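Peer 1: Dropping in my_file.txt, which is compact mmCIF, C-alpha atoms:
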# COMPACT_ATOMS: atom_id res chain seq x y z
CA MET A 1 223.96 76.37 304.56
CA ARG A 2 221.14 78.86 304.18
CA LYS A 3 219.92 81.25 306.88
CA ASP A 4 216.27 82.18 307.39
CA ASN A 5 216.26 85.76 308.66
CA ASN A 6 212.71 85.41 309.98
CA LYS A 7 213.40 82.40 312.17
CA ASN A 8 217.12 82.89 312.78
CA ILE A 9 217.93 79.26 312.02
CA THR A 10 220.13 77.57 309.45
CA TRP A 11 219.63 74.44 307.39
CA GLU A 12 221.27 72.46 304.65
CA ILE A 13 219.61 72.74 301.25
CA VAL A 14 219.19 69.33 299.65
CA ALA A 15 216.85 70.18 296.76
CA SER A 16 217.03 73.34 294.66
CA ILE A 17 214.04 73.71 292.36
CA VAL A 18 214.81 75.92 289.36
CA ILE A 19 211.95 77.28 287.23
CA PRO A 20 212.46 79.77 284.36
CA VAL A 21 209.20 81.61 283.61
CA TYR A 22 207.79 84.10 281.12
CA ASN A 23 204.15 85.23 280.92
CA GLU A 24 202.78 82.26 282.83
CA GLU A 25 199.97 83.89 284.82
CA LYS A 26 197.47 81.24 283.66
CA TYR A 27 199.57 78.41 285.06
CA ILE A 28 201.97 79.75 287.68
CA GLU A 29 199.70 79.60 290.73
CA LYS A 30 198.78 75.93 290.30
CA CYS A 31 202.45 75.16 289.70
CA ILE A 32 203.39 76.89 292.98
CA LEU A 33 200.60 75.15 294.90
CA SER A 34 201.77 71.76 293.67
CA ILE A 35 205.27 72.62 294.90
CA LEU A 36 203.93 73.71 298.30
CA ASN A 37 202.15 70.36 298.55
CA GLN A 38 205.39 68.42 298.18
CA ASP A 39 206.04 65.91 300.94
CA PHE A 40 209.72 66.89 300.97
CA ASP A 41 211.03 68.78 304.03
CA LYS A 42 210.65 72.49 303.17
CA ASN A 43 213.58 73.32 305.47
CA LYS A 44 215.81 71.42 303.04
CA MET A 45 214.31 72.84 299.86
CA GLU A 46 214.54 76.11 297.95
CA VAL A 47 212.45 77.22 294.99
CA ILE A 48 214.03 79.69 292.57
CA PHE A 49 211.90 81.28 289.86
CA ILE A 50 213.74 83.15 287.12
CA ASP A 51 211.49 85.62 285.36
CA GLY A 52 212.23 86.68 281.79
CA ASN A 53 210.67 90.14 282.10
CA SER A 54 207.09 88.87 282.05
CA GLU A 55 204.55 91.33 280.68
CA ASP A 56 201.64 89.88 282.64
CA LYS A 57 201.09 89.20 286.36
CA THR A 58 203.50 86.26 286.60
CA LYS A 59 206.15 87.99 288.68
CA ASN A 60 203.63 89.66 291.00
CA ILE A 61 201.99 86.31 291.71
CA ILE A 62 205.37 84.77 292.54
CA LEU A 63 206.30 87.72 294.77
CA SER A 64 203.09 87.29 296.74
CA TYR A 65 204.20 83.76 297.60
CA CYS A 66 207.76 84.88 298.35
CA LYS A 67 206.36 87.04 301.18
CA LYS A 68 204.63 84.03 302.73
CA PHE A 69 207.28 81.37 302.15
CA PRO A 70 210.95 82.29 302.68
CA PHE A 71 212.22 79.32 300.68
CA ILE A 72 210.69 80.80 297.50
CA SER A 73 212.58 83.50 295.60
CA VAL A 74 212.47 85.14 292.19
CA LEU A 75 215.37 86.39 290.09
CA ASP A 76 215.44 88.35 286.84
CA ASN A 77 216.45 86.99 283.45
CA PRO A 78 216.97 90.03 281.20
CA LYS A 79 217.81 87.82 278.20
CA ARG A 80 214.45 86.01 278.55
CA LYS A 81 215.52 82.72 276.91
CA ILE A 82 215.12 79.57 278.99
CA GLN A 83 218.74 78.46 278.85
CA PHE A 84 219.87 81.77 280.40
CA GLY A 85 217.18 81.53 283.05
CA SER A 86 218.12 77.97 283.95
CA ASN A 87 221.77 78.91 284.37
CA ILE A 88 220.94 81.99 286.47
CA GLY A 89 218.89 79.81 288.80
CA ILE A 90 221.47 77.02 289.00
CA ARG A 91 224.30 79.44 289.81
CA ALA A 92 222.20 81.01 292.56
CA SER A 93 221.20 77.64 294.03
CA ASN A 94 222.59 75.92 297.10
CA GLY A 95 221.20 72.41 296.83
CA LYS A 96 222.94 69.06 296.58
CA TYR A 97 220.44 68.21 293.86
CA ILE A 98 218.97 70.54 291.25
CA ILE A 99 215.48 69.85 289.97
CA ARG A 100 214.28 71.59 286.81
CA MET A 101 210.59 72.37 286.75
CA ASP A 102 208.31 74.09 284.30
CA ALA A 103 205.46 76.50 285.04
CA HIS A 104 203.27 74.70 282.48
CA SER A 105 203.22 71.66 284.73
CA GLU A 106 201.73 70.39 287.95
CA TYR A 107 203.52 67.85 290.10
CA ALA A 108 202.62 64.85 292.24
CA ASN A 109 203.10 65.42 295.98
CA ASP A 110 206.14 63.15 296.03
CA TYR A 111 207.72 64.55 292.84
CA VAL A 112 210.77 66.06 294.58
CA SER A 113 211.33 63.13 296.92
CA LYS A 114 210.98 60.58 294.09
CA ASN A 115 213.50 62.43 291.93
CA ILE A 116 216.01 62.41 294.77
CA GLU A 117 215.24 58.77 295.60
CA TYR A 118 216.00 57.71 292.03
CA LEU A 119 219.10 59.88 291.77
CA GLU A 120 220.48 58.16 294.85
CA LYS A 121 219.46 54.57 294.16
CA THR A 122 220.27 54.45 290.42
CA GLY A 123 223.42 56.57 290.49
CA ALA A 124 222.17 58.26 287.31
CA ASP A 125 223.25 61.80 286.50
CA ASN A 126 219.79 62.86 285.37
CA VAL A 127 216.47 61.31 286.32
CA GLY A 128 212.87 62.21 285.61
CA GLY A 129 209.49 60.91 284.68
CA PRO A 130 207.50 60.65 281.46
CA MET A 131 205.85 63.67 279.89
CA ILE A 132 202.15 63.15 280.65
CA ALA A 133 200.32 65.79 278.64
CA LYS A 134 196.81 66.96 279.47
CA GLY A 135 194.63 69.83 278.33
CA LYS A 136 191.98 72.17 279.66
CA THR A 137 190.36 73.37 276.42
CA PRO A 138 189.21 71.15 273.52
CA VAL A 139 192.15 72.21 271.33
CA GLN A 140 194.68 71.77 274.14
CA LYS A 141 193.25 68.34 274.97
CA ALA A 142 193.68 67.27 271.34
CA ILE A 143 197.24 68.63 271.30
CA ALA A 144 197.93 66.71 274.52
CA ALA A 145 196.66 63.53 272.87
CA ALA A 146 199.24 63.99 270.10
CA TYR A 147 202.05 63.83 272.69
CA HIS A 148 201.05 60.20 273.27
CA SER A 149 201.03 59.31 269.58
CA LYS A 150 203.95 57.60 267.83
CA PHE A 151 202.67 59.00 264.56
CA ALA A 152 202.93 62.54 265.95
CA LEU A 153 206.28 62.60 267.74
CA GLY A 154 208.06 59.36 266.93
CA GLY A 155 207.40 57.46 270.16
CA GLY A 156 210.34 58.51 272.35
CA LYS A 157 210.69 56.65 275.64
CA PHE A 158 209.84 59.72 277.71
CA HIS A 159 206.44 59.85 276.00
CA ASP A 160 205.65 56.34 277.26
CA GLU A 161 203.92 56.73 280.63
CA ASN A 162 204.77 53.14 281.63
CA TYR A 163 208.44 52.94 280.62
CA GLU A 164 211.06 52.51 283.32
CA GLY A 165 214.77 52.31 282.61
CA TYR A 166 217.65 54.10 280.98
CA ALA A 167 217.02 56.49 278.11
CA ASP A 168 218.59 59.35 276.18
CA THR A 169 216.36 62.05 277.65
CA VAL A 170 213.64 62.68 280.23
CA TYR A 171 211.01 65.34 280.79
CA LEU A 172 212.66 68.26 282.65
CA GLY A 173 215.12 66.33 284.81
CA ALA A 174 216.78 66.25 288.21
CA PHE A 175 220.54 66.39 288.46
CA LYS A 176 223.45 65.94 290.77
CA ARG A 177 224.87 69.40 291.35
CA GLU A 178 228.40 68.34 290.41
CA THR A 179 227.14 66.95 287.08
CA LEU A 180 225.79 70.30 285.92
CA PHE A 181 228.84 72.31 286.97
CA ALA A 182 231.24 69.76 285.48
CA LEU A 183 229.42 70.24 282.17
CA ASN A 184 229.38 74.07 282.49
CA LEU A 185 225.58 74.08 282.82
CA TYR A 186 223.31 74.62 279.81
CA ASP A 187 224.86 75.80 276.55
CA GLU A 188 223.59 79.36 276.22
CA ASN A 189 224.17 79.27 272.45
CA ILE A 190 221.50 76.59 272.09
CA GLN A 191 217.83 77.60 272.25
CA CYS A 192 214.75 75.39 272.62
CA THR A 193 216.76 72.14 272.51
CA ASP A 194 219.19 73.11 275.29
CA ASP A 195 217.99 70.12 277.33
CA ASP A 196 218.78 67.78 274.41
CA ASP A 197 222.27 69.21 274.23
CA LEU A 198 222.79 68.78 277.98
CA ASN A 199 221.66 65.15 277.84
CA TYR A 200 223.97 64.49 274.90
CA ARG A 201 226.87 65.83 276.97
CA ILE A 202 225.91 63.73 280.00
CA ILE A 203 226.03 60.56 277.92
CA GLU A 204 229.18 61.59 276.02
CA ASN A 205 230.94 62.06 279.36
CA GLY A 206 230.03 58.58 280.58
CA GLY A 207 226.89 59.50 282.52
CA ASN A 208 223.43 58.04 282.21
CA ILE A 209 219.80 59.13 282.30
CA TYR A 210 216.97 57.27 283.99
CA ILE A 211 213.17 57.43 283.58
CA SER A 212 210.67 56.19 286.13
CA PRO A 213 206.87 56.34 285.80
CA LYS A 214 206.80 56.80 289.59
CA ILE A 215 208.08 60.36 289.05
CA LYS A 216 204.76 61.92 288.14
CA SER A 217 203.83 65.29 286.69
CA ILE A 218 201.30 66.73 284.27
CA TYR A 219 202.35 68.94 281.37
CA TYR A 220 199.98 71.42 279.73
CA PRO A 221 201.02 71.92 276.08
CA ARG A 222 200.36 74.89 273.84
CA SER A 223 196.68 75.74 273.66
CA ASN A 224 196.37 76.93 270.04
CA TYR A 225 197.58 75.89 266.60
CA LYS A 226 199.70 78.99 265.96
CA ASN A 227 201.80 78.59 269.11
CA LEU A 228 202.12 74.85 268.50
CA PHE A 229 203.50 75.51 265.00
CA LYS A 230 205.96 78.06 266.35
CA GLN A 231 207.10 75.72 269.14
CA TYR A 232 207.84 72.78 266.87
CA PHE A 233 209.35 74.92 264.14
CA ASN A 234 211.89 76.09 266.74
CA TYR A 235 212.44 72.52 267.96
CA GLY A 236 213.26 71.43 264.42
CA LEU A 237 215.43 74.49 263.80
CA TRP A 238 217.56 74.07 266.91
CA LYS A 239 217.74 70.29 266.68
CA VAL A 240 220.04 70.85 263.71
CA ALA A 241 222.37 72.94 265.88
CA VAL A 242 222.55 70.13 268.47
CA ILE A 243 223.19 67.48 265.82
CA LYS A 244 225.94 69.57 264.21
CA LYS A 245 227.54 70.41 267.56
CA HIS A 246 227.74 66.77 268.62
CA LYS A 247 228.40 65.43 265.11
CA LYS A 248 225.61 62.91 265.50
CA PRO A 249 223.64 61.49 262.57
CA ALA A 250 220.02 62.57 262.38
CA ARG A 251 217.52 59.92 263.46
CA ILE A 252 214.65 58.64 261.37
CA SER A 253 212.25 60.63 263.58
CA HIS A 254 214.14 63.80 262.53
CA LEU A 255 214.33 62.91 258.85
CA VAL A 256 210.73 61.84 258.25
CA PRO A 257 209.21 65.33 258.82
CA ILE A 258 211.79 67.08 256.62
CA THR A 259 211.27 64.44 253.91
CA PHE A 260 207.53 65.05 254.11
CA VAL A 261 207.99 68.82 253.77
CA LEU A 262 210.33 68.40 250.79
CA PHE A 263 207.82 66.03 249.22
CA LEU A 264 205.03 68.59 249.63
CA MET A 265 207.15 71.38 248.15
CA ILE A 266 208.87 69.56 245.30
CA GLY A 267 206.04 67.15 244.59
CA PHE A 268 203.51 69.95 244.24
CA ILE A 269 205.71 71.87 241.77
CA LEU A 270 206.52 68.77 239.69
CA SER A 271 202.88 67.69 239.66
CA ILE A 272 201.95 70.93 237.90
CA PHE A 273 204.16 70.07 234.93
CA SER A 274 203.94 66.30 234.82
CA LYS A 275 200.83 64.12 234.91
CA PRO A 276 202.75 61.02 236.19
CA PHE A 277 204.17 63.12 239.05
CA PHE A 278 200.70 64.48 239.72
CA TYR A 279 199.31 60.96 240.20
CA LEU A 280 202.32 59.98 242.32
CA PHE A 281 201.88 63.10 244.44
CA ILE A 282 198.18 62.40 245.00
CA PHE A 283 198.90 58.72 245.78
CA ILE A 284 201.54 59.45 248.45
CA LEU A 285 199.52 62.30 249.92
CA SER A 286 196.52 59.97 250.13
CA LEU A 287 198.62 57.40 252.00
CA TYR A 288 199.63 60.09 254.49
CA ILE A 289 196.01 61.15 254.99
CA ILE A 290 194.96 57.53 255.56
CA LEU A 291 197.70 57.07 258.17
CA ASP A 292 196.80 60.37 259.80
CA LEU A 293 193.13 59.37 259.99
CA TYR A 294 193.98 55.93 261.35
CA PHE A 295 196.25 57.18 264.14
CA SER A 296 193.90 60.05 264.97
CA PHE A 297 190.78 57.94 265.26
CA SER A 298 192.56 55.11 267.11
CA ASN A 299 194.16 57.45 269.65
CA LYS A 300 192.85 56.39 273.07
CA TYR A 301 193.34 59.88 274.51
CA THR A 302 190.67 61.43 272.27
CA HIS A 303 187.02 60.53 272.69
CA THR A 304 184.80 62.76 270.57
CA PHE A 305 184.57 62.91 266.80
CA GLU A 306 185.52 66.60 266.90
CA ASP A 307 188.66 65.88 268.93
CA LYS A 308 189.75 63.19 266.51
CA LEU A 309 189.33 65.58 263.59
CA ARG A 310 191.36 68.17 265.49
CA LEU A 311 194.07 65.56 265.95
CA VAL A 312 194.22 65.01 262.18
CA LEU A 313 195.11 68.70 261.79
CA ILE A 314 197.49 68.66 264.76
CA HIS A 315 199.49 65.75 263.32
CA PHE A 316 199.87 67.71 260.07
CA ILE A 317 200.94 70.87 261.95
CA LEU A 318 203.53 68.96 263.98
CA HIS A 319 205.05 67.29 260.93
CA VAL A 320 205.13 70.40 258.76
CA SER A 321 206.38 72.75 261.49
CA TYR A 322 209.16 70.43 262.66
CA GLY A 323 210.17 69.54 259.12
CA THR A 324 210.18 73.17 258.00
CA GLY A 325 212.19 74.16 261.05
CA PHE A 326 214.70 71.37 260.44
CA LEU A 327 215.06 72.36 256.79
CA THR A 328 215.58 76.00 257.80
CA GLY A 329 218.13 74.90 260.38
CA ILE A 330 220.23 73.10 257.75
CA PHE A 331 220.81 76.44 256.03
CA LYS A 332 220.89 78.58 259.18
CA PHE A 333 223.53 76.46 260.88
CA LEU A 334 225.67 75.75 257.84
CA GLY A 335 229.19 75.80 259.25
CA TYR A 336 227.83 76.19 262.77
CA ASN A 337 230.18 75.22 265.61
CA SER A 338 228.89 75.90 269.13
CA LYS A 339 231.53 75.96 271.84
Could you write out this structure as structure tokens?

Peer 2:
Amino acid sequence: MRKDNNKNITWEIVASIVIPVYNEEKYIEKCILSILNQDFDKNKMEVIFIDGNSEDKTKNIILSYCKKFPFISVLDNPKRKIQFGSNIGIRASNGKYIIRMDAHSEYANDYVSKNIEYLEKTGADNVGGPMIAKGKTPVQKAIAAAYHSKFALGGGKFHDENYEGYADTVYLGAFKRETLFALNLYDENIQCTDDDDLNYRIIENGGNIYISPKIKSIYYPRSNYKNLFKQYFNYGLWKVAVIKKHKKPARISHLVPITFVLFLMIGFILSIFSKPFFYLFIFILSLYIILDLYFSFSNKYTHTFEDKLRLVLIHFILHVSYGTGFLTGIFKFLGYNSK
């Protein structure tokens, strides 16, 4: 039970919304407003922001809402990383269900209620909706279009806005409280792919994960090429740690980018010294460019010629950054054993 000192009443918390944040002043207010517009009973909901020592106005914006709405609070995350922030928020929560949200997203008015509905009616340990990416600037819009491209990200089920059913992961996720504590929350040794690791553990322990397109949200991806490269380099890097921890074979979607990066590196060097390798290198690279052009210009989420050209570059950035990160991770996590 939670007591509201202003109203001197008590209520049972059903939904605890946990949101780690860091330097999100461009997005945080719209995120908060979409939470305030939820159709779920606010007397049975708490919203916990965990701030990783933001250097902008993020925390001040949150605090201004804390003064108006007693079910909103903000905690500090001195270690900054998301997995620490998530665990701080979960440990401080009181809800029967824990719903992870992201400041880079906006949520349908029934987002909380739909998550709880599907947790209860499916019996799943983690439910969520598809990742529907949208952008505000031309570059961000083109990056968002890549999230809906099989050529870009391999076509995972949670990138399909119409898929409904069981899967190996969802965007963000809503959980039964007992599930998270039984699994000892997020692994704080895993960065960037901590949600992948958690979903692996759910399935390994006999649980299941469910996606419904009726659980709606909008995700705003990185808005420039540099940050996109950094993001997917880290995804590739830490994916290796998850694979090694769970002793799972890498999927084709993991291996294709690293194969492409090795081809670029080794093929370029060999082509300098061998004319046959030079022609082979040019031939394979030409095939890649043709595929890139085809998937970029046939992408239904881009409309202008400029956006389609941007998407050509974005596909290349995604493949090279993830592949380079994965290759780096093989060496970084040699002998790695996360507990």

Peer 1: Report, in Å to a single decimal, how far apart atom CA of A:Ile17 and atom CA of A:Arg100 are.

Peer 2: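 So the two atoms, atom CA of A:Arg100 and atom CA of A:Ile17, lie 5.9 Å apart.
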
Peer 1: Please provide the set of residues having any atom within 10 Å of A:Lys300, restricted to only C-alpha atoms, with same-chain residues fewer than 4 positions apart removed, written as a list in words.

Peer 2: Ala145, His148, Ser149, Phe295, Ser296 and Lys308 of chain A

Peer 1: Kindly extract all protein, DNA and RNA residues lying within 10 Å of the coordinates (206.8, 77.0, 284.1) given in the file, considering only C-alpha atoms, and supply them as a count of residues only.

Peer 2: 24

Peer 1: Which residues are close to A:Leu237, i.e. within 8 Å by all atoms listed in the file, leaving aside same-chain residues fewer than 5 positions away? Reply as a VMD selection string.

Peer 2: chain A and resid 322 324 to 330

Peer 1: I need the residues from that last selection saved to file as a CSV table (one decimal), in the frame of the given file (with C-alpha atoms), if you can.

Peer 2:
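Output saved as again16.csv:
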chain,number,residue,atom,x,y,z
A,322,TYR,CA,209.2,70.4,262.7
A,324,THR,CA,210.2,73.2,258.0
A,325,GLY,CA,212.2,74.2,261.0
A,326,PHE,CA,214.7,71.4,260.4
A,327,LEU,CA,215.1,72.4,256.8
A,328,THR,CA,215.6,76.0,257.8
A,329,GLY,CA,218.1,74.9,260.4
A,330,ILE,CA,220.2,73.1,257.8

Peer 1: Between atom CA of A:Ser93 and atom CA of A:Ser16, what is the distance, to one decimal in Å?

Peer 2: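 Distance between the two atoms: 6.0 Å.
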
Peer 1: Report the distance between atom CA of A:Leu228 and atom CA of A:Ile258 in Å, rounded to one decimal place.

Peer 2: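 Distance reported for this atom pair: 17.2 Å.
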
Peer 1: Find the spatial neighbours of A:Arg91, counting only C-alpha atoms, within a cut-off of 12 Å - ignore same-chain residues fewer than 4 positions away - and output them as a PyMOL selection string.

Peer 2: chain A and resi 16+18+48+50+75+84-87+95+98+177-178+180-181+184-186

Peer 1: Atoms are missing here; could stretch 129-149 of chain A be completed with N, CA and C atoms and written as a PDB file, in the coordinates of the input?

Peer 2:
ATOM      1  N   GLY A 129     210.620  61.749 285.043  1.00  0.00           N
ATOM      2  CA  GLY A 129     209.490  60.910 284.680  1.00  0.00           C
ATOM      3  C   GLY A 129     209.070  61.135 283.251  1.00  0.00           C
ATOM      4  N   PRO A 130     208.031  60.453 282.815  1.00  0.00           N
ATOM      5  CA  PRO A 130     207.500  60.650 281.460  1.00  0.00           C
ATOM      6  C   PRO A 130     206.766  61.978 281.356  1.00  0.00           C
ATOM      7  N   MET A 131     206.646  62.464 280.127  1.00  0.00           N
ATOM      8  CA  MET A 131     205.850  63.670 279.890  1.00  0.00           C
ATOM      9  C   MET A 131     204.401  63.252 279.701  1.00  0.00           C
ATOM     10  N   ILE A 132     203.578  63.461 280.717  1.00  0.00           N
ATOM     11  CA  ILE A 132     202.150  63.150 280.650  1.00  0.00           C
ATOM     12  C   ILE A 132     201.423  64.445 280.325  1.00  0.00           C
ATOM     13  N   ALA A 133     200.960  64.556 279.095  1.00  0.00           N
ATOM     14  CA  ALA A 133     200.320  65.790 278.640  1.00  0.00           C
ATOM     15  C   ALA A 133     198.807  65.730 278.845  1.00  0.00           C
ATOM     16  N   LYS A 134     198.256  66.830 279.318  1.00  0.00           N
ATOM     17  CA  LYS A 134     196.810  66.960 279.470  1.00  0.00           C
ATOM     18  C   LYS A 134     196.390  68.363 279.046  1.00  0.00           C
ATOM     19  N   GLY A 135     195.121  68.535 278.766  1.00  0.00           N
ATOM     20  CA  GLY A 135     194.630  69.830 278.330  1.00  0.00           C
ATOM     21  C   GLY A 135     193.414  70.292 279.106  1.00  0.00           C
ATOM     22  N   LYS A 136     193.130  71.577 278.994  1.00  0.00           N
ATOM     23  CA  LYS A 136     191.980  72.170 279.660  1.00  0.00           C
ATOM     24  C   LYS A 136     190.899  72.576 278.664  1.00  0.00           C
ATOM     25  N   THR A 137     191.304  73.004 277.480  1.00  0.00           N
ATOM     26  CA  THR A 137     190.360  73.370 276.420  1.00  0.00           C
ATOM     27  C   THR A 137     190.308  72.244 275.400  1.00  0.00           C
ATOM     28  N   PRO A 138     189.280  72.209 274.539  1.00  0.00           N
ATOM     29  CA  PRO A 138     189.210  71.150 273.520  1.00  0.00           C
ATOM     30  C   PRO A 138     190.448  71.070 272.638  1.00  0.00           C
ATOM     31  N   VAL A 139     190.963  72.217 272.186  1.00  0.00           N
ATOM     32  CA  VAL A 139     192.150  72.210 271.330  1.00  0.00           C
ATOM     33  C   VAL A 139     193.364  71.716 272.116  1.00  0.00           C
ATOM     34  N   GLN A 140     193.540  72.193 273.337  1.00  0.00           N
ATOM     35  CA  GLN A 140     194.680  71.770 274.140  1.00  0.00           C
ATOM     36  C   GLN A 140     194.614  70.276 274.466  1.00  0.00           C
ATOM     37  N   LYS A 141     193.410  69.767 274.703  1.00  0.00           N
ATOM     38  CA  LYS A 141     193.250  68.340 274.970  1.00  0.00           C
ATOM     39  C   LYS A 141     193.670  67.507 273.744  1.00  0.00           C
ATOM     40  N   ALA A 142     193.301  67.990 272.562  1.00  0.00           N
ATOM     41  CA  ALA A 142     193.680  67.270 271.340  1.00  0.00           C
ATOM     42  C   ALA A 142     195.186  67.343 271.120  1.00  0.00           C
ATOM     43  N   ILE A 143     195.785  68.502 271.402  1.00  0.00           N
ATOM     44  CA  ILE A 143     197.240  68.630 271.300  1.00  0.00           C
ATOM     45  C   ILE A 143     197.921  67.694 272.293  1.00  0.00           C
ATOM     46  N   ALA A 144     197.378  67.611 273.503  1.00  0.00           N
ATOM     47  CA  ALA A 144     197.930  66.710 274.520  1.00  0.00           C
ATOM     48  C   ALA A 144     197.873  65.263 274.050  1.00  0.00           C
ATOM     49  N   ALA A 145     196.791  64.894 273.377  1.00  0.00           N
ATOM     50  CA  ALA A 145     196.660  63.530 272.870  1.00  0.00           C
ATOM     51  C   ALA A 145     197.764  63.204 271.861  1.00  0.00           C
ATOM     52  N   ALA A 146     198.184  64.204 271.092  1.00  0.00           N
ATOM     53  CA  ALA A 146     199.240  63.990 270.100  1.00  0.00           C
ATOM     54  C   ALA A 146     200.576  63.637 270.763  1.00  0.00           C
ATOM     55  N   TYR A 147     200.799  64.128 271.980  1.00  0.00           N
ATOM     56  CA  TYR A 147     202.050  63.830 272.690  1.00  0.00           C
ATOM     57  C   TYR A 147     202.161  62.341 273.016  1.00  0.00           C
ATOM     58  N   HIS A 148     201.041  61.629 272.976  1.00  0.00           N
ATOM     59  CA  HIS A 148     201.050  60.200 273.270  1.00  0.00           C
ATOM     60  C   HIS A 148     200.920  59.360 272.004  1.00  0.00           C
ATOM     61  N   SER A 149     201.179  59.985 270.866  1.00  0.00           N
ATOM     62  CA  SER A 149     201.030  59.310 269.580  1.00  0.00           C
ATOM     63  C   SER A 149     202.390  59.114 268.912  1.00  0.00           C
TER      64      SER A 149
END
